[in-house]
Every structure is written in C-alpha cells, then in structure tokens.
file protein11.cif (mmCIF, N, CA and C atoms)
data_data
loop_
_atom_site.group_PDB
_atom_site.id
_atom_site.type_symbol
_atom_site.label_atom_id
_atom_site.label_comp_id
_atom_site.auth_asym_id
_atom_site.auth_seq_id
_atom_site.Cartn_x
_atom_site.Cartn_y
_atom_site.Cartn_z
ATOM 1 N N MET A 588 101.364 103.009 168.507
ATOM 2 C CA MET A 588 102.495 102.534 169.279
ATOM 3 C C MET A 588 103.722 102.298 168.403
ATOM 4 N N ASP A 589 103.510 101.913 167.143
ATOM 5 C CA ASP A 589 104.640 101.669 166.252
ATOM 6 C C ASP A 589 105.479 102.921 166.039
ATOM 7 N N ILE A 590 104.821 104.079 166.011
ATOM 8 C CA ILE A 590 105.563 105.319 165.789
ATOM 9 C C ILE A 590 106.508 105.592 166.948
ATOM 10 N N TRP A 591 106.093 105.256 168.172
ATOM 11 C CA TRP A 591 106.953 105.491 169.332
ATOM 12 C C TRP A 591 108.150 104.546 169.327
ATOM 13 N N ILE A 592 107.958 103.361 168.828
ATOM 14 C CA ILE A 592 109.093 102.442 168.700
ATOM 15 C C ILE A 592 110.081 102.992 167.682
ATOM 16 N N ALA A 593 109.574 103.489 166.556
ATOM 17 C CA ALA A 593 110.448 104.078 165.537
ATOM 18 C C ALA A 593 111.195 105.289 166.088
ATOM 19 N N ILE A 594 110.508 106.118 166.845
ATOM 20 C CA ILE A 594 111.154 107.297 167.440
ATOM 21 C C ILE A 594 112.233 106.865 168.432
ATOM 22 N N GLY A 595 111.924 105.864 169.245
ATOM 23 C CA GLY A 595 112.905 105.378 170.214
ATOM 24 C C GLY A 595 114.132 104.773 169.552
ATOM 25 N N VAL A 596 113.915 103.974 168.513
ATOM 26 C CA VAL A 596 115.037 103.364 167.797
ATOM 27 C C VAL A 596 115.882 104.438 167.115
ATOM 28 N N THR A 597 115.229 105.425 166.531
ATOM 29 C CA THR A 597 115.960 106.515 165.878
ATOM 30 C C THR A 597 116.775 107.312 166.888
ATOM 31 N N ALA A 598 116.183 107.621 168.037
ATOM 32 C CA ALA A 598 116.902 108.356 169.079
ATOM 33 C C ALA A 598 118.101 107.553 169.578
ATOM 34 N N ALA A 599 117.910 106.264 169.803
ATOM 35 C CA ALA A 599 119.017 105.418 170.258
ATOM 36 C C ALA A 599 120.110 105.348 169.199
ATOM 37 N N GLY A 600 119.715 105.254 167.924
ATOM 38 C CA GLY A 600 120.702 105.224 166.841
ATOM 39 C C GLY A 600 121.499 106.513 166.759
ATOM 40 N N CYS A 601 120.826 107.641 166.905
ATOM 41 C CA CYS A 601 121.519 108.931 166.877
ATOM 42 C C CYS A 601 122.499 109.045 168.042
ATOM 43 N N TYR A 602 122.063 108.603 169.203
ATOM 44 C CA TYR A 602 122.941 108.633 170.372
ATOM 45 C C TYR A 602 124.154 107.735 170.158
ATOM 46 N N ALA A 603 123.943 106.551 169.587
ATOM 47 C CA ALA A 603 125.039 105.614 169.337
ATOM 48 C C ALA A 603 126.043 106.197 168.346
ATOM 49 N N VAL A 604 125.559 106.837 167.297
ATOM 50 C CA VAL A 604 126.459 107.445 166.316
ATOM 51 C C VAL A 604 127.284 108.551 166.968
ATOM 52 N N LYS A 605 126.652 109.369 167.792
ATOM 53 C CA LYS A 605 127.358 110.443 168.498
ATOM 54 C C LYS A 605 128.409 109.854 169.441
ATOM 55 N N LEU A 606 128.054 108.794 170.160
ATOM 56 C CA LEU A 606 128.978 108.156 171.086
ATOM 57 C C LEU A 606 130.164 107.547 170.350
ATOM 58 N N ILE A 607 129.902 106.899 169.235
ATOM 59 C CA ILE A 607 130.994 106.306 168.450
ATOM 60 C C ILE A 607 131.947 107.404 167.965
ATOM 61 N N GLY A 608 131.395 108.535 167.564
ATOM 62 C CA GLY A 608 132.232 109.651 167.134
ATOM 63 C C GLY A 608 133.120 110.178 168.243
ATOM 64 N N LEU A 609 132.630 110.172 169.459
ATOM 65 C CA LEU A 609 133.428 110.638 170.591
ATOM 66 C C LEU A 609 134.490 109.625 171.010
ATOM 67 N N LEU A 610 134.296 108.366 170.686
ATOM 68 C CA LEU A 610 135.234 107.316 171.081
ATOM 69 C C LEU A 610 136.366 107.109 170.076
ATOM 70 N N VAL A 611 136.323 107.783 168.934
ATOM 71 C CA VAL A 611 137.382 107.646 167.933
ATOM 72 C C VAL A 611 138.661 108.275 168.489
ATOM 73 N N PRO A 612 139.779 107.541 168.469
ATOM 74 C CA PRO A 612 141.034 108.093 168.997
ATOM 75 C C PRO A 612 141.503 109.317 168.216
ATOM 76 N N ALA A 613 142.163 110.228 168.912
ATOM 77 C CA ALA A 613 142.625 111.471 168.290
ATOM 78 C C ALA A 613 143.615 111.205 167.164
ATOM 79 N N ARG A 614 144.441 110.160 167.303
ATOM 80 C CA ARG A 614 145.437 109.874 166.260
ATOM 81 C C ARG A 614 144.773 109.523 164.931
ATOM 82 N N VAL A 615 143.586 108.937 164.985
ATOM 83 C CA VAL A 615 142.849 108.617 163.763
ATOM 84 C C VAL A 615 142.332 109.896 163.114
ATOM 85 N N LEU A 616 141.862 110.824 163.932
ATOM 86 C CA LEU A 616 141.303 112.072 163.401
ATOM 87 C C LEU A 616 142.368 113.010 162.843
ATOM 88 N N GLU A 617 143.621 112.800 163.210
ATOM 89 C CA GLU A 617 144.701 113.673 162.751
ATOM 90 C C GLU A 617 145.270 113.248 161.403
ATOM 91 N N ARG A 618 144.853 112.118 160.885
ATOM 92 C CA ARG A 618 145.352 111.659 159.586
ATOM 93 C C ARG A 618 144.849 112.590 158.484
ATOM 94 N N PRO A 619 145.712 112.910 157.505
ATOM 95 C CA PRO A 619 145.296 113.818 156.420
ATOM 96 C C PRO A 619 144.106 113.300 155.622
ATOM 97 N N ARG A 620 144.048 112.009 155.371
ATOM 98 C CA ARG A 620 142.942 111.452 154.590
ATOM 99 C C ARG A 620 141.615 111.625 155.339
ATOM 100 N N VAL A 621 141.616 111.426 156.640
ATOM 101 C CA VAL A 621 140.408 111.584 157.448
ATOM 102 C C VAL A 621 139.985 113.053 157.481
ATOM 103 N N GLN A 622 140.940 113.957 157.613
ATOM 104 C CA GLN A 622 140.616 115.383 157.610
ATOM 105 C C GLN A 622 140.048 115.825 156.268
ATOM 106 N N ARG A 623 140.607 115.305 155.183
ATOM 107 C CA ARG A 623 140.106 115.639 153.845
ATOM 108 C C ARG A 623 138.689 115.096 153.657
ATOM 109 N N LEU A 624 138.458 113.880 154.124
ATOM 110 C CA LEU A 624 137.129 113.281 154.037
ATOM 111 C C LEU A 624 136.127 114.075 154.872
ATOM 112 N N ALA A 625 136.539 114.484 156.062
ATOM 113 C CA ALA A 625 135.649 115.260 156.932
ATOM 114 C C ALA A 625 135.300 116.609 156.311
ATOM 115 N N ALA A 626 136.200 117.160 155.522
ATOM 116 C CA ALA A 626 135.923 118.441 154.869
ATOM 117 C C ALA A 626 134.998 118.278 153.663
ATOM 118 N N LEU A 627 135.110 117.154 152.949
ATOM 119 C CA LEU A 627 134.343 116.967 151.720
ATOM 120 C C LEU A 627 133.004 116.272 151.937
ATOM 121 N N LEU A 628 132.856 115.524 152.991
ATOM 122 C CA LEU A 628 131.638 114.757 153.218
ATOM 123 C C LEU A 628 130.387 115.624 153.351
ATOM 124 N N PRO A 629 130.415 116.728 154.097
ATOM 125 C CA PRO A 629 129.197 117.558 154.166
ATOM 126 C C PRO A 629 128.777 118.127 152.812
ATOM 127 N N VAL A 630 129.745 118.466 151.970
ATOM 128 C CA VAL A 630 129.426 118.994 150.638
ATOM 129 C C VAL A 630 128.741 117.915 149.794
ATOM 130 N N ALA A 631 129.257 116.698 149.855
ATOM 131 C CA ALA A 631 128.663 115.603 149.094
ATOM 132 C C ALA A 631 127.251 115.286 149.587
ATOM 133 N N LEU A 632 127.059 115.280 150.891
ATOM 134 C CA LEU A 632 125.732 115.006 151.441
ATOM 135 C C LEU A 632 124.739 116.102 151.072
ATOM 136 N N LEU A 633 125.166 117.348 151.120
ATOM 137 C CA LEU A 633 124.285 118.451 150.746
ATOM 138 C C LEU A 633 123.934 118.395 149.259
ATOM 139 N N ALA A 634 124.895 118.045 148.421
ATOM 140 C CA ALA A 634 124.626 117.919 146.985
ATOM 141 C C ALA A 634 123.633 116.792 146.719
ATOM 142 N N ALA A 635 123.795 115.671 147.414
ATOM 143 C CA ALA A 635 122.862 114.558 147.236
ATOM 144 C C ALA A 635 121.460 114.933 147.702
ATOM 145 N N LEU A 636 121.361 115.631 148.815
ATOM 146 C CA LEU A 636 120.058 116.065 149.312
ATOM 147 C C LEU A 636 119.409 117.047 148.346
ATOM 148 N N THR A 637 120.184 117.969 147.804
ATOM 149 C CA THR A 637 119.661 118.935 146.844
ATOM 150 C C THR A 637 119.155 118.230 145.590
ATOM 151 N N ALA A 638 119.925 117.282 145.088
ATOM 152 C CA ALA A 638 119.504 116.545 143.888
ATOM 153 C C ALA A 638 118.234 115.749 144.155
ATOM 154 N N GLN A 639 118.158 115.113 145.303
ATOM 155 C CA GLN A 639 116.980 114.306 145.622
ATOM 156 C C GLN A 639 115.748 115.190 145.767
ATOM 157 N N GLN A 640 115.879 116.327 146.406
ATOM 158 C CA GLN A 640 114.738 117.211 146.599
ATOM 159 C C GLN A 640 114.329 117.914 145.299
ATOM 160 N N THR A 641 115.269 118.087 144.379
ATOM 161 C CA THR A 641 114.978 118.790 143.133
ATOM 162 C C THR A 641 114.380 117.869 142.076
ATOM 163 N N PHE A 642 114.917 116.680 141.940
ATOM 164 C CA PHE A 642 114.559 115.826 140.811
ATOM 165 C C PHE A 642 113.728 114.606 141.171
ATOM 166 N N ALA A 643 113.279 114.486 142.407
ATOM 167 C CA ALA A 643 112.503 113.307 142.800
ATOM 168 C C ALA A 643 111.129 113.719 143.305
ATOM 169 N N ASP A 644 110.152 112.889 142.954
ATOM 170 C CA ASP A 644 108.799 113.046 143.471
ATOM 171 C C ASP A 644 108.311 111.650 143.824
ATOM 172 N N GLY A 645 108.503 111.287 145.066
ATOM 173 C CA GLY A 645 108.204 109.916 145.459
ATOM 174 C C GLY A 645 109.236 108.985 144.861
ATOM 175 N N ARG A 646 108.767 108.079 144.011
ATOM 176 C CA ARG A 646 109.682 107.132 143.365
ATOM 177 C C ARG A 646 109.954 107.500 141.900
ATOM 178 N N ALA A 647 109.511 108.651 141.463
ATOM 179 C CA ALA A 647 109.672 109.046 140.067
ATOM 180 C C ALA A 647 110.635 110.228 139.953
ATOM 181 N N LEU A 648 111.361 110.238 138.855
ATOM 182 C CA LEU A 648 112.197 111.392 138.546
ATOM 183 C C LEU A 648 111.363 112.415 137.789
ATOM 184 N N VAL A 649 111.494 113.676 138.162
ATOM 185 C CA VAL A 649 110.726 114.733 137.519
ATOM 186 C C VAL A 649 111.644 115.881 137.120
ATOM 187 N N LEU A 650 111.217 116.611 136.135
ATOM 188 C CA LEU A 650 111.918 117.814 135.705
ATOM 189 C C LEU A 650 110.868 118.913 135.669
ATOM 190 N N ASP A 651 110.834 119.719 136.724
ATOM 191 C CA ASP A 651 109.796 120.741 136.825
ATOM 192 C C ASP A 651 110.413 122.084 137.218
ATOM 193 N N ALA A 652 109.626 122.933 137.824
ATOM 194 C CA ALA A 652 110.064 124.286 138.161
ATOM 195 C C ALA A 652 111.234 124.288 139.136
ATOM 196 N N ARG A 653 111.330 123.261 139.969
ATOM 197 C CA ARG A 653 112.448 123.201 140.917
ATOM 198 C C ARG A 653 113.793 123.131 140.192
ATOM 199 N N ALA A 654 113.821 122.423 139.071
ATOM 200 C CA ALA A 654 115.061 122.335 138.297
ATOM 201 C C ALA A 654 115.443 123.693 137.724
ATOM 202 N N ALA A 655 114.465 124.458 137.287
ATOM 203 C CA ALA A 655 114.744 125.808 136.779
ATOM 204 C C ALA A 655 115.272 126.695 137.895
ATOM 205 N N GLY A 656 114.708 126.569 139.088
ATOM 206 C CA GLY A 656 115.203 127.334 140.235
ATOM 207 C C GLY A 656 116.625 126.963 140.594
ATOM 208 N N LEU A 657 116.940 125.668 140.542
ATOM 209 C CA LEU A 657 118.303 125.225 140.813
ATOM 210 C C LEU A 657 119.268 125.758 139.760
ATOM 211 N N ALA A 658 118.837 125.776 138.512
ATOM 212 C CA ALA A 658 119.681 126.324 137.441
ATOM 213 C C ALA A 658 119.938 127.806 137.670
ATOM 214 N N ALA A 659 118.910 128.542 138.078
ATOM 215 C CA ALA A 659 119.084 129.971 138.360
ATOM 216 C C ALA A 659 120.044 130.184 139.526
ATOM 217 N N ALA A 660 119.923 129.363 140.560
ATOM 218 C CA ALA A 660 120.832 129.472 141.699
ATOM 219 C C ALA A 660 122.265 129.158 141.282
ATOM 220 N N THR A 661 122.429 128.176 140.397
ATOM 221 C CA THR A 661 123.763 127.825 139.913
ATOM 222 C C THR A 661 124.384 128.973 139.146
ATOM 223 N N VAL A 662 123.603 129.600 138.289
ATOM 224 C CA VAL A 662 124.108 130.752 137.528
ATOM 225 C C VAL A 662 124.488 131.884 138.478
ATOM 226 N N ALA A 663 123.647 132.142 139.465
ATOM 227 C CA ALA A 663 123.950 133.208 140.435
ATOM 228 C C ALA A 663 125.223 132.892 141.212
ATOM 229 N N LEU A 664 125.421 131.633 141.561
ATOM 230 C CA LEU A 664 126.644 131.248 142.260
ATOM 231 C C LEU A 664 127.870 131.416 141.378
ATOM 232 N N LEU A 665 127.730 131.045 140.106
ATOM 233 C CA LEU A 665 128.855 131.212 139.177
ATOM 234 C C LEU A 665 129.212 132.687 138.979
ATOM 235 N N LEU A 666 128.209 133.557 139.104
ATOM 236 C CA LEU A 666 128.453 134.996 138.993
ATOM 237 C C LEU A 666 128.904 135.609 140.320
ATOM 238 N N ARG A 667 129.120 134.749 141.318
ATOM 239 C CA ARG A 667 129.588 135.158 142.645
ATOM 240 C C ARG A 667 128.632 136.106 143.352
ATOM 241 N N ALA A 668 127.349 135.856 143.216
ATOM 242 C CA ALA A 668 126.329 136.670 143.885
ATOM 243 C C ALA A 668 126.303 136.327 145.376
ATOM 244 N N PRO A 669 125.881 137.274 146.202
ATOM 245 C CA PRO A 669 125.724 136.983 147.637
ATOM 246 C C PRO A 669 124.660 135.902 147.846
ATOM 247 N N PHE A 670 124.752 135.208 148.979
ATOM 248 C CA PHE A 670 123.885 134.069 149.240
ATOM 249 C C PHE A 670 122.405 134.431 149.173
ATOM 250 N N LEU A 671 122.011 135.541 149.773
ATOM 251 C CA LEU A 671 120.601 135.926 149.750
ATOM 252 C C LEU A 671 120.112 136.188 148.331
ATOM 253 N N LEU A 672 120.959 136.725 147.484
ATOM 254 C CA LEU A 672 120.592 136.942 146.085
ATOM 255 C C LEU A 672 120.462 135.604 145.346
ATOM 256 N N VAL A 673 121.298 134.639 145.682
ATOM 257 C CA VAL A 673 121.198 133.300 145.088
ATOM 258 C C VAL A 673 119.852 132.674 145.439
ATOM 259 N N VAL A 674 119.484 132.755 146.715
ATOM 260 C CA VAL A 674 118.203 132.205 147.159
ATOM 261 C C VAL A 674 117.050 132.954 146.499
ATOM 262 N N ALA A 675 117.139 134.274 146.443
ATOM 263 C CA ALA A 675 116.076 135.072 145.824
ATOM 264 C C ALA A 675 115.920 134.729 144.344
ATOM 265 N N ALA A 676 117.012 134.534 143.643
ATOM 266 C CA ALA A 676 116.946 134.173 142.224
ATOM 267 C C ALA A 676 116.272 132.813 142.045
ATOM 268 N N ALA A 677 116.633 131.853 142.890
ATOM 269 C CA ALA A 677 116.030 130.527 142.802
ATOM 270 C C ALA A 677 114.534 130.585 143.075
ATOM 271 N N VAL A 678 114.154 131.347 144.091
ATOM 272 C CA VAL A 678 112.736 131.470 144.439
ATOM 273 C C VAL A 678 111.965 132.151 143.316
ATOM 274 N N ALA A 679 112.511 133.240 142.795
ATOM 275 C CA ALA A 679 111.819 133.995 141.754
ATOM 276 C C ALA A 679 111.637 133.160 140.484
ATOM 277 N N VAL A 680 112.681 132.460 140.072
ATOM 278 C CA VAL A 680 112.582 131.657 138.856
ATOM 279 C C VAL A 680 111.625 130.484 139.054
ATOM 280 N N THR A 681 111.707 129.820 140.207
ATOM 281 C CA THR A 681 110.794 128.714 140.480
ATOM 282 C C THR A 681 109.347 129.188 140.474
ATOM 283 N N ALA A 682 109.085 130.312 141.144
ATOM 284 C CA ALA A 682 107.727 130.850 141.173
ATOM 285 C C ALA A 682 107.256 131.273 139.788
ATOM 286 N N GLY A 683 108.152 131.872 139.010
ATOM 287 C CA GLY A 683 107.795 132.290 137.654
ATOM 288 C C GLY A 683 107.448 131.114 136.764
ATOM 289 N N VAL A 684 108.248 130.054 136.828
ATOM 290 C CA VAL A 684 107.978 128.873 135.996
ATOM 291 C C VAL A 684 106.662 128.217 136.433
ATOM 292 N N ARG A 685 106.421 128.154 137.729
ATOM 293 C CA ARG A 685 105.165 127.563 138.206
ATOM 294 C C ARG A 685 103.970 128.415 137.789
ATOM 295 N N ALA A 686 104.121 129.746 137.790
ATOM 296 C CA ALA A 686 103.029 130.618 137.386
ATOM 297 C C ALA A 686 102.744 130.469 135.892
ATOM 298 N N MET A 687 103.784 130.326 135.088
ATOM 299 C CA MET A 687 103.585 130.176 133.652
ATOM 300 C C MET A 687 103.005 128.802 133.301
ATOM 301 N N ALA A 688 103.376 127.799 134.099
ATOM 302 C CA ALA A 688 102.894 126.438 133.826
ATOM 303 C C ALA A 688 101.438 126.255 134.236
ATOM 304 N N GLY A 689 100.981 127.126 135.106
ATOM 305 C CA GLY A 689 99.574 127.061 135.494
ATOM 306 C C GLY A 689 99.400 126.338 136.733
#

call {"tool": "encode", "arguments": {"input": "protein11.cif", "output": "structure tokens"}}
result
Amino acid sequence: MDIWIAIGVTAAGCYAVKLIGLLVPARVLERPRVQRLAALLPVALLAALTAQQTFADGRALVLDARAAGLAAATVALLLRAPFLLVVAAAVAVTAGVRAMAG
C-alpha cells in the first residue's frame, strides 16, 4: 500500500508543477533572464544526470568503464561526429574496457 501512496503523491506533485507552469503570467516568461534560464536549464540538468549516472554507484563514487565511454563520446563530439557515431563510440569503448577488465 505504501507504494500506491508514493505513486499518488508523485502524480499529484507532477500535476501541481505542470499547473503552476501554466499559471505563470506571460510578462514573466518574456523577460530575457527567464528566457536565458529556460534555454540553459535543460543542458544543466542533462549534464548533472550524465555525471550522476557515470560516476556514481549507490552512495560511492566510481571510475570504471562508463567514464571511458563518456570520454570517447566527448572526443567524438569535439570532432563534430554525428550523434549516432558519438553513441556508437561510447558503446564500443565502454564494452571494450569492460571486456578487458574481465
């Protein structure tokens, strides 16, 4: 039963956040600072999620094959590779490091 309470609270919270977003006046959304924040916030959240998924294992920081895959993806991005090639490079390097590590 506790899981259903958590699901209900989460659903209500998501609905409330969506509703609050719809109630924000248009004049607030037209401010340059708000527009700049709206453009940069998804990038910051994605970077934080990537870092957490790459370098965390529960409550411990780790440096394993995922970090090598992220490094390969970074190099591919710096070389302006297409997105699918970036993903393929990350997958290949991660798999290679895991295979070598045993």

call {"tool": "closest_residue", "arguments": {"input": "protein11.cif", "among": "A:Val621, A:Leu609, A:Ala682, A:Ala603", "to": "Arg653 of chain A", "atoms": "all atoms listed in the file"}}
result
A:Ala682

call {"tool": "atom_distance", "arguments": {"input": "protein11.cif", "atom1": "atom CA of Ala655 of chain A", "atom2": "atom N of Thr681 of chain A"}}
result
6.1 Å

call {"tool": "atom_distance", "arguments": {"input": "protein11.cif", "atom1": "atom C of Val604 of chain A", "atom2": "atom N of Gln639 of chain A"}}
result
24.4 Å

call {"tool": "closest_residue", "arguments": {"input": "protein11.cif", "among": "A:Pro619, A:Gly600, A:Gly656, A:Pro629", "to": "Ala679 of chain A", "atoms": "only C-alpha atoms"}}
result
A:Gly656

call {"tool": "axis_aligned_box", "arguments": {"input": "protein11.cif", "around": "segment 667-683 of chain A", "padding_each_side": "8 Å", "output": "AutoDock Vina command-line options"}}
result
--center_x 118.4 --center_y 133.0 --center_z 143.3 --size_x 38.3 --size_y 24.6 --size_z 29.0

call {"tool": "residues_around", "arguments": {"input": "protein11.cif", "residues": "Ala675 of chain A", "least_positions_apart": "5", "cutoff": "8 Å", "atoms": "all atoms listed in the file", "output": "JSON list (two decimals) with N, CA and C atoms, in the coordinates of the input"}}
result
[["chain", "number", "residue", "atom", "x", "y", "z"],
["A", 659, "ALA", "N", 118.91, 128.54, 138.08],
["A", 659, "ALA", "CA", 119.08, 129.97, 138.36],
["A", 659, "ALA", "C", 120.04, 130.18, 139.53],
["A", 660, "ALA", "N", 119.92, 129.36, 140.56],
["A", 660, "ALA", "CA", 120.83, 129.47, 141.70],
["A", 660, "ALA", "C", 122.26, 129.16, 141.28],
["A", 669, "PRO", "N", 125.88, 137.27, 146.20],
["A", 669, "PRO", "CA", 125.72, 136.98, 147.64],
["A", 669, "PRO", "C", 124.66, 135.90, 147.85],
["A", 670, "PHE", "N", 124.75, 135.21, 148.98],
["A", 670, "PHE", "CA", 123.88, 134.07, 149.24],
["A", 670, "PHE", "C", 122.40, 134.43, 149.17],
["A", 680, "VAL", "N", 112.68, 132.46, 140.07],
["A", 680, "VAL", "CA", 112.58, 131.66, 138.86],
["A", 680, "VAL", "C", 111.62, 130.48, 139.05],
["A", 681, "THR", "N", 111.71, 129.82, 140.21],
["A", 681, "THR", "CA", 110.79, 128.71, 140.48],
["A", 681, "THR", "C", 109.35, 129.19, 140.47]]

call {"tool": "atom_distance", "arguments": {"input": "protein11.cif", "atom1": "atom CA of Leu633 of chain A", "atom2": "atom C of Ile592 of chain A"}}
result
27.0 Å

call {"tool": "select_by_dssp", "arguments": {"input": "protein11.cif", "residues": "segment 592-679 of chain A", "states": "alpha helix (DSSP H)", "output": "PyMOL selection string"}}
result
chain A and resi 592-610+613-616+619-642+652-665+670-679

call {"tool": "closest_residue", "arguments": {"input": "protein11.cif", "among": "A:Ile607, A:Val662, A:Ala638, A:Leu624", "to": "Val674 of chain A", "atoms": "only C-alpha atoms"}}
result
A:Val662
